[in-house]
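To start, the structure itself, in structure tokens.
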Amino acid sequence: MEKLERLRPIRCFFFGLCCVLVFVCSLSWNVMKNSPWHPRNIFICDTHPAENIVFPPVEEPDVRLERMLYPKPETLKPPRTDVLTITPWLAPIVWNGTFNSDILNAQFHKRGVRIGITTFAIKKYIRFLKDFLETGEKFFMVGHKVNYYIFTDRAQDIPNVTLSEGRNIHIINVTAYQRWQDVTMRRMQMIRDQTYTRFMNEVDYLVCVDVDMRFYGSVGVEILGDVFGTLHPGFFGASRAQFTYDRNPKSVACIPVDEGDFYYAGGYFGGIIEEVYKLTNYCHTAMMTDKAIGIEALWHDESYLNKYFLYYKPTKVLSPEYVWNNYYGSPRAVQIKRFIGIDKDYKEVRFRR
Ligand code: 5GW
Ligand code: MN
């Protein structure tokens with residue numbers, strides 16, 4: 001009895017402590033409940049919609065799911081181990097052997113994708129067009145809907161090339177700039193300016209390339225993505241210091257020596273129309289900013305493109321298979337040369353008009 005009496009103050013103390021704890025907890029819960037990070041916006045979805053709801057009339061989407069047979073992808077046996085096939089921001093780098101064209105074609109056919117390819121044939125460069133178009137018919141997006149957009153000042157000299165079904169040539173008349181630097185740089189502005197009047201209504205993807213090129217191998221829907229660039233054939237094994245980025249701090253195109261992922265080729269980029277608009281608009285605006293203080297980046301449009309891709313990463317990167325030049329020989333990593341630059345007599349093509 002006496003012992004219980006002695007314990008009484010201790011029991012009182014513990015009882016009091018519990019009361020205080022409960023009080024503190026309820027107080028902090030209340031504070032939490034009203035704090036801005038507490039999830040108070042709870043949406044309750046009615047999984048049984050009332051029967052009298054009328055859904056707007058929509059066309060039944062025509063999705064056919066079809067059986068397809070092909071070798072299983074092997075998680076522990078990557079098809080290529082000699083080259084990087086994915087960027088640190090998880091964009092695929094498209095090398096031969098890493099993709100299955102049958103799967104890709106089936107997927108893109110289901111969506112009825114329309115592809116536009118832009119190229120410029122200004123002044124003497126009109127001479128490259130015949131070969132470009134003829135080989136394009138053999139190798140570029142075979143079996144898909146394709147529009148060739150030819151920007152030219154010599155519409156009357158466009159060669160007569162027979163195209164397969166679902167493929168068309170659109171001629172866009174442009175004026176020829178005097179300086180060759182302007183001829184190549186103004187491509188950004190000219191592509192941008194066609195975005196909403198033409199491309200938006202006519203195609204889903206754009207591929208923007210040089211004309212002094214020839215297709216030698218298949219270039220298919222594996223290249224398509226939201227926004228893509230291509231590894232320049234001269235620099236895919238190079239260090240940052242070797243990249244020929246513009247290094248003039250006064251230029252918008254300047255890239256410091258401790259930055260840079262890849263050196264992208266100026267003559268091959270693309271993506272969905274909205275992304276191509278953003279890219280070309282950025283590059284053109286940057287060029288105009290530099291021009292206002294009398295600067296032109298080292299490699300013209302290519303320098304501005306590299307600056308853009310440094311801070312606005314492409315969602316897909318194409319290997320140099322897609323924009324090769326035989327000047328760089330035949331390195332082992334490049335198993336197929338799909339699109340090759342044509343040897344130019346620079347003096348003849350560029351200076352004697
Ligand atoms: C002319 C002289 C020097 C540089 C470019 C031109 C030029 C380029 C031209 O007179 N007409 C023309 O249509 N172009 C377009 O710009 C072509 O589509 C050409 O492929 C592209 C880039 O110029 P290229 O191919 O001479 O540049 P590189 O870096 O491939 O030699
Ligand atoms: Mn070229």
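Within each chain, counting starts at residue 1; across the structure tokens, chains are named A, B, ... in the order shown, with ligands numbered 1 upward in that order.
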**OP:** Identify, counting only C-alpha atoms and all ligand atoms, the protein, DNA and RNA residues located within 12 Å of ligand 2, and give them as number ranges by chain.
**Re:** A: 119-121, 125, 128, 132, 183-184, 208-214, 232, 265-268, 302, 323-325, 339-344, 346, 349-350
Original post:
Which residue gives the smallest distance to ligand 1 among A:Glu51, A:Glu66, A:Asp301, A:Asp131, with only C-alpha atoms and all ligand atoms counted?
Top reply: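 Residue with the minimum atom-to-atom distance to ligand 1: A:Asp301.
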Give me the residues near Ser218 (chain A) as a PDB file with all heavy atoms, in the first residue's frame, where near means some atom within 9 Å (using only C-alpha atoms) and where sequence neighbours in that chain fewer than 5 positions away do not count.
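Written file, result19.pdb:
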ATOM      1  N   LYS A 138      15.500   5.709-104.057  1.00  0.00           N
ATOM      2  CA  LYS A 138      15.925   4.319-103.787  1.00  0.00           C
ATOM      3  C   LYS A 138      16.070   4.037-102.298  1.00  0.00           C
ATOM      4  O   LYS A 138      15.834   2.923-101.845  1.00  0.00           O
ATOM      5  CB  LYS A 138      17.286   4.055-104.449  1.00  0.00           C
ATOM      6  CG  LYS A 138      17.200   3.785-105.938  1.00  0.00           C
ATOM      7  CD  LYS A 138      18.482   3.073-106.400  1.00  0.00           C
ATOM      8  CE  LYS A 138      18.615   3.132-107.903  1.00  0.00           C
ATOM      9  NZ  LYS A 138      19.714   3.983-108.354  1.00  0.00           N
ATOM     10  N   PHE A 139      16.490   5.063-101.529  1.00  0.00           N
ATOM     11  CA  PHE A 139      16.914   4.774-100.162  1.00  0.00           C
ATOM     12  C   PHE A 139      16.222   5.562 -99.052  1.00  0.00           C
ATOM     13  O   PHE A 139      16.314   5.183 -97.894  1.00  0.00           O
ATOM     14  CB  PHE A 139      18.430   5.005-100.029  1.00  0.00           C
ATOM     15  CG  PHE A 139      19.264   4.057-100.833  1.00  0.00           C
ATOM     16  CD1 PHE A 139      20.025   4.517-101.898  1.00  0.00           C
ATOM     17  CD2 PHE A 139      19.295   2.704-100.533  1.00  0.00           C
ATOM     18  CE1 PHE A 139      20.815   3.640-102.645  1.00  0.00           C
ATOM     19  CE2 PHE A 139      20.077   1.825-101.265  1.00  0.00           C
ATOM     20  CZ  PHE A 139      20.837   2.288-102.330  1.00  0.00           C
ATOM     21  N   PHE A 140      15.589   6.694 -99.360  1.00  0.00           N
ATOM     22  CA  PHE A 140      15.072   7.539 -98.283  1.00  0.00           C
ATOM     23  C   PHE A 140      13.606   7.231 -97.976  1.00  0.00           C
ATOM     24  O   PHE A 140      12.731   7.438 -98.804  1.00  0.00           O
ATOM     25  CB  PHE A 140      15.228   9.030 -98.637  1.00  0.00           C
ATOM     26  CG  PHE A 140      14.775   9.964 -97.540  1.00  0.00           C
ATOM     27  CD1 PHE A 140      15.532  10.143 -96.386  1.00  0.00           C
ATOM     28  CD2 PHE A 140      13.571  10.647 -97.642  1.00  0.00           C
ATOM     29  CE1 PHE A 140      15.111  10.987 -95.372  1.00  0.00           C
ATOM     30  CE2 PHE A 140      13.137  11.504 -96.630  1.00  0.00           C
ATOM     31  CZ  PHE A 140      13.912  11.674 -95.497  1.00  0.00           C
ATOM     32  N   MET A 141      13.362   6.707 -96.789  1.00  0.00           N
ATOM     33  CA  MET A 141      11.999   6.477 -96.276  1.00  0.00           C
ATOM     34  C   MET A 141      11.139   5.715 -97.276  1.00  0.00           C
ATOM     35  O   MET A 141       9.984   6.069 -97.525  1.00  0.00           O
ATOM     36  CB  MET A 141      11.314   7.822 -95.950  1.00  0.00           C
ATOM     37  CG  MET A 141      12.057   8.670 -94.968  1.00  0.00           C
ATOM     38  SD  MET A 141      11.923   8.005 -93.300  1.00  0.00           S
ATOM     39  CE  MET A 141      13.093   9.045 -92.438  1.00  0.00           C
ATOM     40  N   VAL A 142      11.724   4.659 -97.844  1.00  0.00           N
ATOM     41  CA  VAL A 142      11.007   3.868 -98.848  1.00  0.00           C
ATOM     42  C   VAL A 142       9.717   3.302 -98.237  1.00  0.00           C
ATOM     43  O   VAL A 142       9.723   2.778 -97.125  1.00  0.00           O
ATOM     44  CB  VAL A 142      11.920   2.740 -99.382  1.00  0.00           C
ATOM     45  CG1 VAL A 142      11.164   1.836-100.348  1.00  0.00           C
ATOM     46  CG2 VAL A 142      13.135   3.342-100.071  1.00  0.00           C
ATOM     47  N   ARG A 338      25.447   5.630 -95.339  1.00  0.00           N
ATOM     48  CA  ARG A 338      24.095   5.730 -95.911  1.00  0.00           C
ATOM     49  C   ARG A 338      23.888   6.970 -96.779  1.00  0.00           C
ATOM     50  O   ARG A 338      23.036   6.982 -97.655  1.00  0.00           O
ATOM     51  CB  ARG A 338      23.061   5.734 -94.771  1.00  0.00           C
ATOM     52  CG  ARG A 338      23.150   4.525 -93.865  1.00  0.00           C
ATOM     53  CD  ARG A 338      22.290   4.725 -92.621  1.00  0.00           C
ATOM     54  NE  ARG A 338      22.525   3.685 -91.638  1.00  0.00           N
ATOM     55  CZ  ARG A 338      21.891   2.508 -91.641  1.00  0.00           C
ATOM     56  NH1 ARG A 338      20.995   2.248 -92.560  1.00  0.00           N
ATOM     57  NH2 ARG A 338      22.154   1.613 -90.713  1.00  0.00           N
ATOM     58  N   PHE A 339      24.637   8.029 -96.469  1.00  0.00           N
ATOM     59  CA  PHE A 339      24.420   9.321 -97.125  1.00  0.00           C
ATOM     60  C   PHE A 339      25.795   9.971 -97.185  1.00  0.00           C
ATOM     61  O   PHE A 339      26.397  10.235 -96.143  1.00  0.00           O
ATOM     62  CB  PHE A 339      23.445  10.120 -96.248  1.00  0.00           C
ATOM     63  CG  PHE A 339      22.857  11.364 -96.839  1.00  0.00           C
ATOM     64  CD1 PHE A 339      22.291  11.367 -98.098  1.00  0.00           C
ATOM     65  CD2 PHE A 339      22.823  12.546 -96.087  1.00  0.00           C
ATOM     66  CE1 PHE A 339      21.705  12.524 -98.616  1.00  0.00           C
ATOM     67  CE2 PHE A 339      22.235  13.696 -96.589  1.00  0.00           C
ATOM     68  CZ  PHE A 339      21.678  13.672 -97.857  1.00  0.00           C
TER      69      PHE A 339
END
Subject >> A:Val317, A:Ala238, A:Ile126, A:Ile223 ranked by distance to ligand 1, top pick (using only C-alpha atoms and all ligand atoms) >> reply: A:Ile126
Subject >> Selected residue of minimal separation from Asp102 (chain A) among A:Glu222, A:Tyr282, A:Ile115, A:Met287, counting only C-alpha atoms >> reply: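 Among the listed residues, A:Glu222 lies closest to Asp102 (chain A).
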Subject >> Tyr264 (chain A) surroundings by only C-alpha atoms, 10 Å radius, close-in-sequence under 6 positions cut, as number ranges by chain >> reply: A: 228-236, 243, 245, 302-303, 305-307, 309-310, 317-320
Emit the selected residues as a PDB file, in the first residue's frame, including C-alpha atoms.
ATOM      1  CA  PHE A 228      17.567  14.976 -83.727  1.00  0.00           C
ATOM      2  CA  GLY A 229      21.110  15.882 -84.690  1.00  0.00           C
ATOM      3  CA  THR A 230      23.878  13.910 -86.388  1.00  0.00           C
ATOM      4  CA  LEU A 231      27.456  13.217 -85.300  1.00  0.00           C
ATOM      5  CA  HIS A 232      29.855  14.964 -87.674  1.00  0.00           C
ATOM      6  CA  PRO A 233      31.993  12.312 -89.445  1.00  0.00           C
ATOM      7  CA  GLY A 234      35.194  14.170 -88.616  1.00  0.00           C
ATOM      8  CA  PHE A 235      34.728  14.382 -84.857  1.00  0.00           C
ATOM      9  CA  PHE A 236      32.942  11.348 -83.422  1.00  0.00           C
ATOM     10  CA  PHE A 243      35.707  20.129 -81.456  1.00  0.00           C
ATOM     11  CA  TYR A 245      33.015  24.972 -81.730  1.00  0.00           C
ATOM     12  CA  GLU A 302      26.845  24.662 -87.800  1.00  0.00           C
ATOM     13  CA  SER A 303      28.276  26.646 -84.858  1.00  0.00           C
ATOM     14  CA  LEU A 305      23.335  24.475 -84.200  1.00  0.00           C
ATOM     15  CA  ASN A 306      26.005  23.079 -81.878  1.00  0.00           C
ATOM     16  CA  LYS A 307      25.252  25.779 -79.322  1.00  0.00           C
ATOM     17  CA  PHE A 309      22.052  21.236 -78.998  1.00  0.00           C
ATOM     18  CA  LEU A 310      24.391  21.817 -76.066  1.00  0.00           C
ATOM     19  CA  VAL A 317      21.349  11.339 -82.169  1.00  0.00           C
ATOM     20  CA  LEU A 318      22.294   9.849 -85.536  1.00  0.00           C
ATOM     21  CA  SER A 319      25.649   8.162 -86.051  1.00  0.00           C
ATOM     22  CA  PRO A 320      27.937   9.475 -88.819  1.00  0.00           C
TER      23      PRO A 320
END
**OP:** Any chance you could list, as a PyMOL selection string, the residues in region 141-267 of chain A that come up alpha helix (DSSP H) when DSSP is run on the backbone?
**Re:** chain A and resi 180-185+187-194+200-202
Using all heavy atoms, can you write the selected residues to a file as a short mmCIF file (atom, residue, chain, number, x, y, z; two decimals), in the first residue's frame?
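Contents of selection-v5.cif, as written:
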data_model
loop_
_atom_site.label_atom_id
_atom_site.label_comp_id
_atom_site.auth_asym_id
_atom_site.auth_seq_id
_atom_site.Cartn_x
_atom_site.Cartn_y
_atom_site.Cartn_z
N TRP A 180 28.42 33.48 -100.01
CA TRP A 180 28.10 32.06 -99.81
C TRP A 180 27.79 31.77 -98.34
O TRP A 180 26.97 30.91 -98.03
CB TRP A 180 29.20 31.15 -100.36
CG TRP A 180 30.54 31.21 -99.65
CD1 TRP A 180 31.63 31.92 -100.01
CD2 TRP A 180 30.90 30.50 -98.45
NE1 TRP A 180 32.66 31.73 -99.12
CE2 TRP A 180 32.24 30.86 -98.16
CE3 TRP A 180 30.24 29.61 -97.60
CZ2 TRP A 180 32.92 30.34 -97.04
CZ3 TRP A 180 30.93 29.11 -96.50
CH2 TRP A 180 32.26 29.47 -96.22
N GLN A 181 28.40 32.54 -97.45
CA GLN A 181 28.10 32.34 -96.02
C GLN A 181 26.62 32.59 -95.76
O GLN A 181 25.99 31.90 -94.96
CB GLN A 181 28.93 33.29 -95.15
CG GLN A 181 30.43 33.02 -95.16
CD GLN A 181 31.16 33.78 -96.26
OE1 GLN A 181 30.57 34.20 -97.25
NE2 GLN A 181 32.46 33.95 -96.09
N ASP A 182 26.08 33.60 -96.45
CA ASP A 182 24.66 33.90 -96.27
C ASP A 182 23.78 32.82 -96.90
O ASP A 182 22.72 32.51 -96.38
CB ASP A 182 24.32 35.28 -96.84
CG ASP A 182 24.91 36.41 -96.00
OD1 ASP A 182 24.97 36.24 -94.76
OD2 ASP A 182 25.34 37.43 -96.57
N VAL A 183 24.25 32.25 -98.00
CA VAL A 183 23.48 31.18 -98.65
C VAL A 183 23.26 30.04 -97.66
O VAL A 183 22.15 29.54 -97.48
CB VAL A 183 24.17 30.65 -99.93
CG1 VAL A 183 23.44 29.43 -100.48
CG2 VAL A 183 24.23 31.74 -101.00
N THR A 184 24.32 29.63 -96.96
CA THR A 184 24.16 28.50 -96.03
C THR A 184 23.46 28.95 -94.73
O THR A 184 22.58 28.26 -94.24
CB THR A 184 25.49 27.79 -95.70
OG1 THR A 184 26.22 28.57 -94.78
CG2 THR A 184 26.34 27.55 -96.91
N MET A 185 23.81 30.13 -94.23
CA MET A 185 23.25 30.54 -92.93
C MET A 185 21.77 30.87 -93.00
O MET A 185 21.03 30.62 -92.06
CB MET A 185 24.03 31.74 -92.38
CG MET A 185 25.43 31.37 -91.94
SD MET A 185 26.06 32.48 -90.70
CE MET A 185 26.10 34.00 -91.58
N ARG A 187 19.54 29.49 -94.48
CA ARG A 187 18.67 28.31 -94.54
C ARG A 187 17.80 28.23 -93.29
O ARG A 187 16.63 27.85 -93.35
CB ARG A 187 19.51 27.03 -94.68
CG ARG A 187 20.20 26.92 -96.03
CD ARG A 187 20.95 25.62 -96.15
NE ARG A 187 22.10 25.53 -95.25
CZ ARG A 187 22.86 24.45 -95.11
NH1 ARG A 187 22.58 23.36 -95.78
NH2 ARG A 187 23.89 24.46 -94.30
N MET A 188 18.38 28.58 -92.15
CA MET A 188 17.63 28.52 -90.88
C MET A 188 16.38 29.40 -90.95
O MET A 188 15.29 28.97 -90.60
CB MET A 188 18.52 28.96 -89.72
CG MET A 188 19.68 28.03 -89.45
SD MET A 188 19.08 26.42 -88.89
CE MET A 188 20.60 25.58 -88.49
N GLN A 189 16.58 30.62 -91.42
CA GLN A 189 15.46 31.56 -91.53
C GLN A 189 14.41 31.04 -92.52
O GLN A 189 13.21 31.09 -92.26
CB GLN A 189 15.98 32.92 -91.98
CG GLN A 189 14.89 33.97 -92.10
CD GLN A 189 15.42 35.30 -92.63
OE1 GLN A 189 16.46 35.35 -93.31
NE2 GLN A 189 14.73 36.37 -92.32
N MET A 190 14.89 30.53 -93.66
CA MET A 190 13.96 30.11 -94.71
C MET A 190 13.15 28.88 -94.28
O MET A 190 11.98 28.76 -94.60
CB MET A 190 14.72 29.84 -96.00
CG MET A 190 15.33 31.11 -96.60
SD MET A 190 16.16 30.73 -98.14
CE MET A 190 17.12 32.20 -98.40
N ILE A 191 13.79 27.97 -93.57
CA ILE A 191 13.05 26.79 -93.08
C ILE A 191 12.03 27.27 -92.04
O ILE A 191 10.85 26.91 -92.09
CB ILE A 191 14.01 25.74 -92.47
CG1 ILE A 191 14.89 25.14 -93.56
CG2 ILE A 191 13.22 24.65 -91.75
CD1 ILE A 191 16.04 24.27 -93.05
N ARG A 192 12.49 28.10 -91.11
CA ARG A 192 11.60 28.61 -90.07
C ARG A 192 10.37 29.27 -90.68
O ARG A 192 9.24 29.03 -90.24
CB ARG A 192 12.34 29.64 -89.20
CG ARG A 192 11.46 30.20 -88.10
CD ARG A 192 12.00 31.48 -87.53
NE ARG A 192 11.94 32.60 -88.48
CZ ARG A 192 12.35 33.83 -88.20
NH1 ARG A 192 12.88 34.10 -87.02
NH2 ARG A 192 12.26 34.78 -89.11
N ASP A 193 10.58 30.08 -91.72
CA ASP A 193 9.48 30.86 -92.29
C ASP A 193 8.43 30.00 -92.99
O ASP A 193 7.33 30.47 -93.27
CB ASP A 193 10.02 31.93 -93.24
CG ASP A 193 10.74 33.04 -92.48
OD1 ASP A 193 10.64 33.05 -91.23
OD2 ASP A 193 11.41 33.87 -93.12
N GLN A 194 8.76 28.77 -93.31
CA GLN A 194 7.78 27.88 -93.96
C GLN A 194 7.01 27.03 -92.94
O GLN A 194 6.11 26.29 -93.33
CB GLN A 194 8.49 26.93 -94.93
CG GLN A 194 9.16 27.61 -96.11
CD GLN A 194 8.17 28.28 -97.03
OE1 GLN A 194 7.10 27.76 -97.29
NE2 GLN A 194 8.52 29.46 -97.51
N MET A 200 3.54 22.68 -91.26
CA MET A 200 2.60 22.30 -90.22
C MET A 200 1.40 21.53 -90.78
O MET A 200 0.91 20.60 -90.17
CB MET A 200 2.14 23.57 -89.51
CG MET A 200 1.73 23.39 -88.09
SD MET A 200 2.97 22.47 -87.17
CE MET A 200 2.94 23.32 -85.63
N ASN A 201 0.93 21.93 -91.97
CA ASN A 201 -0.25 21.30 -92.55
C ASN A 201 0.07 20.08 -93.38
O ASN A 201 -0.81 19.30 -93.71
CB ASN A 201 -0.98 22.30 -93.45
CG ASN A 201 -1.24 23.61 -92.74
OD1 ASN A 201 -1.67 23.61 -91.59
ND2 ASN A 201 -0.92 24.72 -93.38
N GLU A 202 1.31 19.94 -93.81
CA GLU A 202 1.62 18.93 -94.82
C GLU A 202 2.40 17.72 -94.32
O GLU A 202 2.32 16.64 -94.91
CB GLU A 202 2.38 19.59 -95.98
CG GLU A 202 1.56 20.69 -96.65
CD GLU A 202 2.27 21.39 -97.79
OE1 GLU A 202 3.42 21.02 -98.11
OE2 GLU A 202 1.66 22.31 -98.36
#
Subject >> Pick from A:Thr280, A:Thr175, A:Thr98, A:Thr87, whichever lies nearest to Ala155 (chain A) using only C-alpha atoms >> reply: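 Once distances to Ala155 (chain A) are computed over only C-alpha atoms, the minimum belongs to A:Thr175.
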**OP:** Find the residue from A:Lys123, A:Arg332, A:His144, A:Lys130 that sits nearest to ligand 1; use only C-alpha atoms and all ligand atoms when measuring.
**Re:**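 Nearest candidate to ligand 1 out of A:Lys123, A:Arg332, A:His144, A:Lys130: A:Lys123.
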Subject >> Contact residues around region 110-112 of chain A with only C-alpha atoms at 8 Å, ignoring same-chain residues under 4 positions, as JSON, numbers by chain >> reply: {"A": [63, 64, 106, 144, 145]}
Suppose we keep N, CA, C and O atoms; can you now write the selection as a PDB file, in the first residue's frame?
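That gives us result-v7.pdb:
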ATOM      1  N   VAL A  63      -6.939   1.068 -85.111  1.00  0.00           N
ATOM      2  CA  VAL A  63      -5.708   0.450 -84.623  1.00  0.00           C
ATOM      3  C   VAL A  63      -5.811  -1.052 -84.782  1.00  0.00           C
ATOM      4  O   VAL A  63      -6.669  -1.695 -84.190  1.00  0.00           O
ATOM      5  N   ARG A  64      -4.950  -1.574 -85.621  1.00  0.00           N
ATOM      6  CA  ARG A  64      -4.934  -3.032 -85.791  1.00  0.00           C
ATOM      7  C   ARG A  64      -3.702  -3.575 -85.088  1.00  0.00           C
ATOM      8  O   ARG A  64      -2.586  -3.095 -85.301  1.00  0.00           O
ATOM      9  N   ALA A 106       6.587  -0.968 -89.214  1.00  0.00           N
ATOM     10  CA  ALA A 106       5.222  -1.337 -88.824  1.00  0.00           C
ATOM     11  C   ALA A 106       4.636  -0.275 -87.895  1.00  0.00           C
ATOM     12  O   ALA A 106       3.490   0.152 -88.050  1.00  0.00           O
ATOM     13  N   HIS A 144       7.114   5.088 -97.352  1.00  0.00           N
ATOM     14  CA  HIS A 144       6.407   6.091 -96.538  1.00  0.00           C
ATOM     15  C   HIS A 144       6.015   7.290 -97.399  1.00  0.00           C
ATOM     16  O   HIS A 144       6.485   7.440 -98.522  1.00  0.00           O
ATOM     17  N   LYS A 145       5.144   8.142 -96.826  1.00  0.00           N
ATOM     18  CA  LYS A 145       4.741   9.359 -97.544  1.00  0.00           C
ATOM     19  C   LYS A 145       5.836  10.406 -97.385  1.00  0.00           C
ATOM     20  O   LYS A 145       6.203  10.759 -96.261  1.00  0.00           O
TER      21      LYS A 145
END
